[in-house]
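Chemist: Just passing along the structure, written as structure tokens.
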Amino acid sequence: MRLPLLLLGAIAAAALAMPLVAAALHADPSSVDLLDRFAGPSAAHPLGTDELGRDMLLRLLEGGRVSLTIGVAAALTAAAIGTAIGVAAGYLGGWTDRLLMRLTDAVIALPLLPLLIVFAALDLRKLGVPHWVADSAAISLLRIVALAVLIGWTTAARLVRGATLVTRQRDFVRAAQSLGAGTLHILVRHILPNVMAPLVVATTLSVGDIILLESVLSFLGLGVQPPLASWGSMLSNAEELMNSAPLLAVYPGALIFLTVIACNLLGDALLARFDPRDPARV
Amino acid sequence: MIRFAAIRLVEIAAMLALMSFVIYGLIGLMPGDPVDLMLTSDPHLSAADVARLKSLYGIDRPLIERYLAWAQMALSGDLGYSRLFSAPVAAALLPRLANSLELLGSSFALAFLLALGLGIAAARHPGSRLDAAINFTAFAGISLPTFWLALILMLIFAQGLGWLPASGMGEAGSGALLDRLRHLVLPVATLTIASLGGYTRYVRAAMRDALGQDHIRTARAKGASELRVVWHHALRSALVPIATILALSFGTLVSGALITEEMFAYPGMGKLIFDAVMGNDYNLALAALLLATAVTMAGNLAADLAYAWLDPRVTYR
Amino acid sequence: MLPVAASAATHDELTIGVVQFPATLNPNIDAMAAKNYVLGFVLRPFTVYDADWKLVCLLCTDLPTVENGRAVVTDLPDGRKGVDLTYTIRPDARWADGAPVTTEDVKFTYEVGRNPQSAVSDAELYRRITSIDVKDDKTFTLHFDKLTYDYAAIDDFVLLPAHLERGAFADPAQYRVRTLYATDPTNPGLYDGPYRVSELVPGSHIVLEPNPHWAGPMPPFHRITIRAIENTAALQTNLLSGTVDMVAGEIGLPLDEALAFDKQHGGAFTILYKPGLTFEHVDCNLANPILADRRVREALLAGLDRQAIVASLFAGRQAVADSFVDPLDKGYSNDVPHHPYDPARADRLLENAGWHAQGGGARKNADGQTLSLELATTAGNRSRELVEQVLQSQWKQIGVDVRIHNEPARVLFGETLPHRHFDLAMYAWISAPENVPRSIFRSDEIPSAENAYAGQNLGGYASPEMDRIIDALEVELDPEKRKALWQEAQRLYATDLPSLPLYFRSDAFILPKWLTGLRPTGNQYPSTLWVTDWRAQP
């Protein structure tokens, strides 16, 4: 449990510290230098330079910020939406439950691919999105987060609904109901804390999945657009250079791997901690 | 039980109908059409030609009209003509479906068998170094982007060692079994590694739960051999969640290998769907996507049925 | 019938890797580079431009000229000039099933081309032919309704075998579905080139074998396999592992990848670079008031160090372009205003235009507006994304803030550009030798709601001068006068700068060391048309 936590902490801290590193190197991640492409490690560029002469270390840290932002933001948002829906379905039951579950099934059944492409191609201005958002550099990032949330909330919803169904039958909930406690009060004080455990595990795991999704999107040409860089886009760009400048692919690949596996190990450790039947805990 | 299944089947049919509309709409929402792209690659083509072609292909009619025309045709059993393959949809789809089933079926079976072995081994020695190692390896496989994995395998085995072919389904002109098997190795390896981790964890969790149950202790107390305890009693209990995950993975059997197919130039359904969607080949894309959706939903139904049927009996045997 | 050389060479088979698979092999339906590449092996057009950019006869015996009497200028009733051209099909031309290529095929193809329902994509040629007179089995005369400078070039007239396709054409609206090229692509009678298609697996590969009735020079290989591998990294691996022998330049690796490959593995292959007809440029939307000012456009160009881009990103294998005509083209002229890299000049131009430097950061004008523009290109095209970022960085140096906003090709070309929702757009024009730039420069080709967004003059360039030159170029026959007109056109372009010229893209042909005789053409006619010149050294 400690190892993955430490690893993730280190990666996140490094990514956040990017401006400091940039100041120390007297460089910035987007300064193009055509005369210094594919350079090896040196004092000025500790990890060398990429295909446009930009400092690799800074690019990786910058990419980390983007990838981690996408992962965490999407995971948390999907979890929040999924929880709301799952709790509503599980606690209220009846038609609400049926309707919400069918909706969940419909979203799960939605084919990913046309959705991805339409998302990438949607003209946001036509949908009424304000100009300063639609034209901003971060729009491709927002698109990906939106997409990941759209396909991710269903897992949380199902999970939370299941846990809610179980918790709902528990004595202290019945007691609270018979004492006349309001629905909202019961949901927040009694139901939610008891569904937290599986939710936390699932959310942790989903961060890793979202980072992988982002790299697949980049591979298909639907990921973050330049000048924004993410580990996924750096990896898929460097793919074609595998035979000539393999390190450009190794670094982002390794970082994705470490981050995702850390998320997975952390999630697994949390599962073990929360699972009362885990013999290893005894 | 029958009632339950029947209701769900009706729901599935309704969902498919709804999905067909949504998918048609989604593809229609994608701006531009491949005919427009033709303009940019042929200097002799004029805008008048593009307009004429669009009218010929029926693209200039409103979306809802086109959808209704398609729905009518589909309901009478005619899936239409694939623009991309210049062939009837079924003729374009079926060989690719067969290829995908071959590819995904093999990797699914392989991954599952391996997961069974590894998961049981890990569950029998919980908390041990073996457990941790298996867990870590399982996670390693699912923490890499698939295209990356494919490329690495290709570089090592095809380029570096030269043992295996780097792409395709077989040498052109030869249908020899050995040749096709050689071409399957790398793509199947990629898919197996990518999915092994998930299955292993599932089996491990299910087996640990099963091994911890009362009737296991009872069996052990009655002197049953360890082998019997694990394989007969525990596995029975674990069967339910394992069967569930099996059924839930059905959907991927049809379309789950886009990246692998792209990397190894293996002509399967994943690539077909991608090309059909990108190429605005409505007929083909709809048929393929609806097939994939139907299989997924059938899998979900099977999982639910299995759960409902197996659960009460198993625990009390 | 000539047998294929049963030589002692170990290389009697060739496997070619390409990045795209043709959707259909029917020569008249769907315009696609991959299709043209494959058809170069199996079908003979009447005329093509060869590797020296000369018009030559492939299926015909002689090019019609006024001198040899095969071209006769006619006076049409409405006062315009037309032309009658007489061609003779090569006497030894045969379809691979033994049937001779005759004027029956010519008449049939014409019928298909004229029919609006047959889904022929490039129907311009057929529209211009008002009628055909057949003299005998091999000789026919085409009556054109317009006399144009390239009258002898009927390259788009690729024959369909009447004896096989007539049945499929019974219902013209169903032709594209029933054509044998789709339903029975391995039928030998569909092909009259040195090779015929013997196996076709859609999306995967095509296998070619020699045409037993081919009367020309010997086809060098027993069998040619064309494999489609869309992922370029995988294509490289296939090359290095020997699964494919060569990568076609016309539809192969992008130049910067080929260069990187060359650096690491070039020693094991023969790599040929050939500049092509793809003119990479940055279109300026003249509806944007900032860009409507020519000084700004000039400044943008002067602020770009195109030489450095070409030298470092493309190892100098692509030539910086000063105007839209390819240096290998007959009409090319170097006597145009050049715009070398001159940031000082860019600075002056911008100041004059009212954009004042703010000491680092984007320029502002008197109204407080920022000099900010959006640059779009096709998303997922790595090469372009690289260049884009360099452009952004260089323009930053002269105080122009450029935001990058990429879209997938289908969105860009299908909607964004025709609707003119852009500031700067980087993409390529593909031209043909001596192709008059009507659709990209003429003022009536500006896409708008009125003309249903047709036309490729996306920037909105309207110059009466350029219109005049274009009209004249289409009908002027005298070579001297043509040269003068072309020079005028290029000078005007380089002065007005409706778009910023970057370079002509080069193609990279990666060939095995044992393959010789392959000549990249640099134009839209693929090198495969001359496959009989290829040789495999033992």
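Chain labels follow the order of the structure tokens: the first chain is A, the next B, and so on; residue numbering restarts at 1 in every chain, and ligands are counted from 1 in their shown order.
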I'd like the contact shell of Pro4 of chain A - 6 Å cut-off, only C-alpha atoms, skipping same-chain residues fewer than 2 positions apart - returned as a compact mmCIF listing (two decimals) with N, CA and C atoms, in the first residue's frame.
Modeler:
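File written: part-v9.txt
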# COMPACT_ATOMS: atom_id res chain seq x y z
N MET A 1 0.84 -1.21 0.00
CA MET A 1 0.00 0.00 0.00
C MET A 1 0.87 1.25 0.00
N ARG A 2 1.96 1.17 0.77
CA ARG A 2 2.78 2.37 0.84
C ARG A 2 3.49 2.65 -0.47
N LEU A 6 3.44 6.14 -2.47
CA LEU A 6 4.66 6.94 -2.60
C LEU A 6 4.94 7.26 -4.06
N LEU A 7 4.80 6.23 -4.89
CA LEU A 7 5.08 6.40 -6.31
C LEU A 7 4.18 7.47 -6.92
N ALA A 262 0.66 1.80 -10.44
CA ALA A 262 0.55 2.31 -9.08
C ALA A 262 -0.92 2.47 -8.70
N LEU A 266 -2.63 0.40 -5.77
CA LEU A 266 -3.26 1.14 -4.68
C LEU A 266 -4.70 0.71 -4.51
Chemist: For chain A, work out the contacting residues on chain C at 9 Å, counting only C-alpha atoms, and write them as an MDAnalysis selection string.
Modeler: chainID C and resid 231:234 236:237 257 260:265 308:309 312:313 379:382 385:386 388:390 393:394 403:408 410:411
Chemist: Could you save those same residues with C-alpha atoms as a PDB file, in the first residue's frame?
Modeler:
ATOM      1  CA  ASN C 231       0.005   1.863 -39.006  1.00  0.00           C
ATOM      2  CA  THR C 232       3.306   3.338 -40.135  1.00  0.00           C
ATOM      3  CA  ALA C 233       5.317   2.060 -37.184  1.00  0.00           C
ATOM      4  CA  ALA C 234       4.080  -1.428 -37.987  1.00  0.00           C
ATOM      5  CA  GLN C 236       8.481  -0.020 -40.726  1.00  0.00           C
ATOM      6  CA  THR C 237       8.728  -3.168 -38.650  1.00  0.00           C
ATOM      7  CA  GLU C 257       9.461   9.114 -40.821  1.00  0.00           C
ATOM      8  CA  ALA C 260      14.343   8.926 -39.549  1.00  0.00           C
ATOM      9  CA  PHE C 261      14.233   5.384 -40.923  1.00  0.00           C
ATOM     10  CA  ASP C 262      16.945   6.277 -43.405  1.00  0.00           C
ATOM     11  CA  LYS C 263      19.235   7.498 -40.659  1.00  0.00           C
ATOM     12  CA  GLN C 264      19.012   4.251 -38.736  1.00  0.00           C
ATOM     13  CA  HIS C 265      18.545   1.620 -41.399  1.00  0.00           C
ATOM     14  CA  ALA C 308      15.504  26.024 -41.657  1.00  0.00           C
ATOM     15  CA  ILE C 309      12.301  24.009 -41.462  1.00  0.00           C
ATOM     16  CA  SER C 312      16.138  20.337 -40.169  1.00  0.00           C
ATOM     17  CA  LEU C 313      12.782  18.555 -40.362  1.00  0.00           C
ATOM     18  CA  ALA C 379      -5.391  16.395 -36.712  1.00  0.00           C
ATOM     19  CA  GLY C 380      -3.407  13.208 -36.344  1.00  0.00           C
ATOM     20  CA  ASN C 381      -0.975  14.123 -39.112  1.00  0.00           C
ATOM     21  CA  ARG C 382       2.210  14.132 -37.134  1.00  0.00           C
ATOM     22  CA  GLU C 385       1.602  19.034 -36.347  1.00  0.00           C
ATOM     23  CA  LEU C 386       5.362  19.345 -36.072  1.00  0.00           C
ATOM     24  CA  GLU C 388       2.619  23.816 -37.207  1.00  0.00           C
ATOM     25  CA  GLN C 389       4.351  24.118 -33.882  1.00  0.00           C
ATOM     26  CA  VAL C 390       7.450  25.472 -35.555  1.00  0.00           C
ATOM     27  CA  SER C 393       7.033  29.444 -32.503  1.00  0.00           C
ATOM     28  CA  GLN C 394       8.557  31.490 -35.334  1.00  0.00           C
ATOM     29  CA  ARG C 403      -3.363  29.484 -31.639  1.00  0.00           C
ATOM     30  CA  ILE C 404      -3.412  25.955 -32.945  1.00  0.00           C
ATOM     31  CA  HIS C 405      -6.793  24.388 -33.538  1.00  0.00           C
ATOM     32  CA  ASN C 406      -6.667  21.068 -35.394  1.00  0.00           C
ATOM     33  CA  GLU C 407      -9.520  18.973 -36.660  1.00  0.00           C
ATOM     34  CA  PRO C 408      -9.822  15.554 -38.294  1.00  0.00           C
ATOM     35  CA  ARG C 410     -13.129  15.007 -42.762  1.00  0.00           C
ATOM     36  CA  VAL C 411     -14.231  17.854 -40.516  1.00  0.00           C
TER      37      VAL C 411
END
Chemist: For Gly267 of chain A, list every protein, DNA or RNA residue within 10 Å, evaluated using only C-alpha atoms, and leave out those in the same chain fewer than 4 positions away; present the list as a ChimeraX atom specification.
Modeler: /A:1,4,198,200-208,261-263,271-273
Chemist: Near Ile210 of chain A, counting only C-alpha atoms, which residues have an atom at most 12 Å away, once you skip same-chain residues fewer than 6 positions from it, shown as a ChimeraX atom specification?
Modeler: /A:67-76,78,144-153,203-204,216-217,232,256,259-260,263-264 /B:143,145
Chemist: So, with only C-alpha atoms as the atoms that count, which of A:Leu3, A:Leu270, A:Leu112, A:Leu57 lies closest to Leu199 of chain A?
Modeler: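 Ranking A:Leu3, A:Leu270, A:Leu112, A:Leu57 by distance to Leu199 of chain A, first place goes to A:Leu270.
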Chemist: Pick out the closest residue to Leu235 of chain A from this set: A:His26, A:Arg143, A:His45, A:Arg59. Count only C-alpha atoms.
Modeler: A:Arg59
Chemist: For chain A, report every residue with an atom at most 6 Å from chain B (counting only C-alpha atoms), formatted as a VMD selection string.
Modeler: chain A and resid 109 118 212 257 260 to 261 280
Chemist: Within 8 Å of chain C, which residues belong to chain B? Use only C-alpha atoms and report them as a PyMOL selection string.
Modeler: chain B and resi 30-34+36-38+40-50+52-53+56+81+84-87+151+154-155+158-160+162+165-168+172-173+262-267
